[in-house]
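A.B. asks: Provided herewith: target04.json, JSON, C-alpha atoms.
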[["chain", "number", "residue", "atom", "x", "y", "z"],
["A", 228, "MET", "CA", 93.72, 126.90, 125.67],
["A", 229, "SER", "CA", 96.46, 129.09, 127.01],
["A", 230, "GLY", "CA", 96.11, 127.99, 130.62],
["A", 231, "ARG", "CA", 95.14, 131.51, 131.70],
["A", 232, "ASP", "CA", 92.76, 131.83, 134.65],
["A", 233, "VAL", "CA", 89.46, 133.18, 133.34],
["A", 234, "SER", "CA", 87.37, 132.32, 136.40],
["A", 235, "ALA", "CA", 85.04, 134.88, 137.92],
["A", 236, "ALA", "CA", 86.70, 138.12, 138.94],
["A", 237, "ASP", "CA", 86.64, 139.13, 142.59],
["A", 238, "TYR", "CA", 87.11, 142.86, 141.95],
["A", 239, "ALA", "CA", 86.71, 145.45, 139.18],
["A", 240, "VAL", "CA", 88.66, 148.49, 138.06],
["A", 241, "ALA", "CA", 87.79, 151.29, 135.70],
["A", 242, "VAL", "CA", 89.39, 150.94, 132.28],
["A", 243, "THR", "CA", 90.85, 154.01, 130.64],
["A", 244, "PRO", "CA", 91.64, 153.16, 127.02],
["A", 245, "SER", "CA", 95.33, 153.74, 126.27],
["A", 246, "ASP", "CA", 97.56, 152.88, 123.34],
["A", 247, "SER", "CA", 100.37, 151.97, 125.77],
["A", 248, "THR", "CA", 98.91, 150.56, 129.04],
["A", 249, "VAL", "CA", 99.15, 146.76, 129.41],
["A", 250, "PHE", "CA", 96.88, 144.87, 131.85],
["A", 251, "ALA", "CA", 98.43, 142.32, 134.19],
["A", 252, "GLU", "CA", 95.46, 139.98, 134.74],
["A", 253, "PRO", "CA", 92.50, 140.66, 132.44],
["A", 254, "ARG", "CA", 89.38, 138.63, 133.23],
["A", 255, "GLY", "CA", 86.69, 140.23, 131.08],
["A", 256, "ILE", "CA", 85.20, 143.54, 130.07],
["A", 257, "TYR", "CA", 82.05, 145.31, 131.21],
["A", 258, "VAL", "CA", 80.85, 148.01, 128.80],
["A", 259, "GLY", "CA", 78.68, 150.74, 130.33],
["A", 260, "VAL", "CA", 78.01, 152.69, 127.13],
["A", 261, "SER", "CA", 77.98, 150.73, 123.87],
["A", 262, "GLY", "CA", 80.49, 151.28, 121.11],
["A", 263, "ASP", "CA", 83.58, 149.83, 119.45],
["A", 264, "VAL", "CA", 86.52, 148.47, 121.46],
["A", 265, "ALA", "CA", 89.98, 148.10, 119.92],
["A", 266, "MET", "CA", 91.97, 145.51, 121.88],
["A", 267, "VAL", "CA", 95.10, 143.38, 121.81],
["A", 268, "PHE", "CA", 95.18, 139.77, 122.96],
["A", 269, "PRO", "CA", 98.16, 138.05, 124.63],
["A", 270, "GLY", "CA", 100.82, 136.93, 122.19],
["A", 271, "LYS", "CA", 99.13, 138.61, 119.22],
["A", 272, "ALA", "CA", 100.43, 141.61, 117.30],
["A", 273, "GLY", "CA", 98.13, 144.50, 116.53],
["A", 274, "ALA", "CA", 94.67, 145.46, 117.63],
["A", 275, "VAL", "CA", 91.37, 143.82, 116.77],
["A", 276, "THR", "CA", 88.26, 146.00, 116.90],
["A", 277, "PHE", "CA", 85.01, 144.55, 118.20],
["A", 278, "LYS", "CA", 82.20, 146.65, 116.74],
["A", 279, "SER", "CA", 79.11, 147.75, 118.67],
["A", 280, "LEU", "CA", 79.68, 145.94, 121.97],
["A", 281, "VAL", "CA", 76.41, 146.08, 123.87],
["A", 282, "GLN", "CA", 76.09, 148.40, 126.86],
["A", 283, "GLY", "CA", 75.32, 147.04, 130.28],
["A", 284, "SER", "CA", 76.87, 143.65, 129.61],
["A", 285, "GLU", "CA", 79.99, 141.71, 130.48],
["A", 286, "HIS", "CA", 81.98, 140.29, 127.60],
["A", 287, "ALA", "CA", 84.13, 137.17, 127.95],
["A", 288, "LEU", "CA", 87.13, 138.81, 126.29],
["A", 289, "CYS", "CA", 90.51, 138.98, 128.01],
["A", 290, "PRO", "CA", 92.70, 141.48, 126.18],
["A", 291, "VAL", "CA", 96.01, 142.73, 127.56],
["A", 292, "GLN", "CA", 95.38, 146.20, 126.08],
["A", 293, "ILE", "CA", 92.39, 148.34, 125.17],
["A", 294, "TYR", "CA", 93.48, 151.03, 122.76],
["A", 295, "ALA", "CA", 92.22, 154.60, 122.90],
["A", 296, "THR", "CA", 92.59, 154.72, 119.12],
["A", 297, "GLY", "CA", 89.53, 153.07, 117.62],
["A", 298, "THR", "CA", 87.63, 152.70, 120.90],
["A", 299, "THR", "CA", 84.31, 154.54, 121.21],
["A", 300, "ALA", "CA", 82.70, 152.52, 124.05],
["A", 301, "THR", "CA", 82.90, 154.15, 127.48],
["A", 302, "ASP", "CA", 82.33, 153.45, 131.17],
["A", 303, "MET", "CA", 84.28, 150.19, 130.97],
["A", 304, "LEU", "CA", 85.38, 147.99, 133.85]]
Let me see the structure of the file written as structure tokens.
C.D. replies:
Amino acid sequence: MSGRDVSAADYAVAVTPSDSTVFAEPRGIYVGVSGDVAMVFPGKAGAVTFKSLVQGSEHALCPVQIYATGTTATDML
């Protein structure tokens, strides 16, 4: 384990996929409309694409970036 705090979030923000924006404290992802999500995890180089993430569900993934390139899911928090 990396020692990162992944406890329940106490707020949410809209996620706009970007190939350059880095998140300070990711705690998870909510996907409103299903699709693929290209993301980067802390300390890892390059994006990993999760295919067909289910809409209306929270995913226990904590990426530091969600790329616009390769992401088709929308309405993310």
A.B. asks: Could you tell me which of A:Ala239, A:Ala251, A:Val267, A:Val258 comes closest to A:Gln292 if we count only C-alpha atoms?
C.D. replies: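 Once distances to A:Gln292 are computed over only C-alpha atoms, the minimum belongs to A:Val267.
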A.B. asks: As an mmCIF file with C-alpha atoms, keeping the file's coordinate frame, please: the residues near A:Val249 (cut-off 12 Å, all atoms listed in the file, same-chain neighbours under 5 positions excluded).
C.D. replies:
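out.cif, freshly written:
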data_model
loop_
_atom_site.group_PDB
_atom_site.id
_atom_site.type_symbol
_atom_site.label_atom_id
_atom_site.label_comp_id
_atom_site.auth_asym_id
_atom_site.auth_seq_id
_atom_site.Cartn_x
_atom_site.Cartn_y
_atom_site.Cartn_z
ATOM 1 C CA VAL A 242 89.390 150.940 132.280
ATOM 2 C CA THR A 243 90.850 154.010 130.640
ATOM 3 C CA PRO A 244 91.640 153.160 127.020
ATOM 4 C CA MET A 266 91.970 145.510 121.880
ATOM 5 C CA VAL A 267 95.100 143.380 121.810
ATOM 6 C CA PHE A 268 95.180 139.770 122.960
ATOM 7 C CA PRO A 269 98.160 138.050 124.630
ATOM 8 C CA CYS A 289 90.510 138.980 128.010
ATOM 9 C CA PRO A 290 92.700 141.480 126.180
ATOM 10 C CA VAL A 291 96.010 142.730 127.560
ATOM 11 C CA GLN A 292 95.380 146.200 126.080
ATOM 12 C CA ILE A 293 92.390 148.340 125.170
ATOM 13 C CA TYR A 294 93.480 151.030 122.760
#
A.B. asks: Write out as an NGL selection string each polymer residue whose atoms come within 12 Å of A:Tyr238, counting only C-alpha atoms; drop sequence neighbours fewer than 6 positions from it.
C.D. replies: :A and (252-255 or 304)
A.B. asks: Nearest to A:Ser279: which of A:Ala295, A:Ala300, A:Ile256, A:Ala241 is it, counting all atoms listed in the file?
C.D. replies: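 For A:Ser279, the nearest of the candidates is A:Ala300.
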A.B. asks: Please provide as a PDB file with C-alpha atoms, in the coordinates of the input all residues within 10 Å of A:Val281, with the sequence filter that same-chain residues fewer than 2 positions apart are discarded (counting all atoms listed in the file).
C.D. replies:
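Written output follows (part.pdb):
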ATOM      1  CA  TYR A 257      82.050 145.310 131.210  1.00  0.00           C
ATOM      2  CA  VAL A 258      80.850 148.010 128.800  1.00  0.00           C
ATOM      3  CA  GLY A 259      78.680 150.740 130.330  1.00  0.00           C
ATOM      4  CA  VAL A 260      78.010 152.690 127.130  1.00  0.00           C
ATOM      5  CA  SER A 261      77.980 150.730 123.870  1.00  0.00           C
ATOM      6  CA  GLY A 262      80.490 151.280 121.110  1.00  0.00           C
ATOM      7  CA  ASP A 263      83.580 149.830 119.450  1.00  0.00           C
ATOM      8  CA  LYS A 278      82.200 146.650 116.740  1.00  0.00           C
ATOM      9  CA  SER A 279      79.110 147.750 118.670  1.00  0.00           C
ATOM     10  CA  GLY A 283      75.320 147.040 130.280  1.00  0.00           C
ATOM     11  CA  SER A 284      76.870 143.650 129.610  1.00  0.00           C
ATOM     12  CA  GLU A 285      79.990 141.710 130.480  1.00  0.00           C
ATOM     13  CA  HIS A 286      81.980 140.290 127.600  1.00  0.00           C
ATOM     14  CA  ALA A 300      82.700 152.520 124.050  1.00  0.00           C
TER      15      ALA A 300
END
A.B. asks: Between atom CA of A:Ala287 and atom CA of A:Ser247, what is the distance in Å, rounded to a tenth?
C.D. replies: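 For atom CA of A:Ala287 relative to atom CA of A:Ser247, the distance reads 22.1 Å.
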A.B. asks: In Å to one decimal, how far is atom CA of A:Thr299 from atom CA of A:Val275?
C.D. replies: 13.6 Å
A.B. asks: Figure out the distance between atom CA of A:Gly273 and atom CA of A:Thr301, please, to one decimal in Å.
C.D. replies: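 Between atom CA of A:Thr301 and atom CA of A:Gly273 the gap works out to 21.1 Å.
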A.B. asks: Using only C-alpha atoms for the distances, tell me which of A:Leu288, A:Leu280, A:Ala274, A:Met303 is nearest to A:Asp246.
C.D. replies: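 Among the listed residues, A:Ala274 lies closest to A:Asp246.
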A.B. asks: Between A:Thr248, A:Val240, A:Gly270, A:Thr276, which one has atoms that come closest to A:Gly297, using all atoms listed in the file?
C.D. replies: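 Counting all atoms listed in the file, the residue closest to A:Gly297 is A:Thr276.
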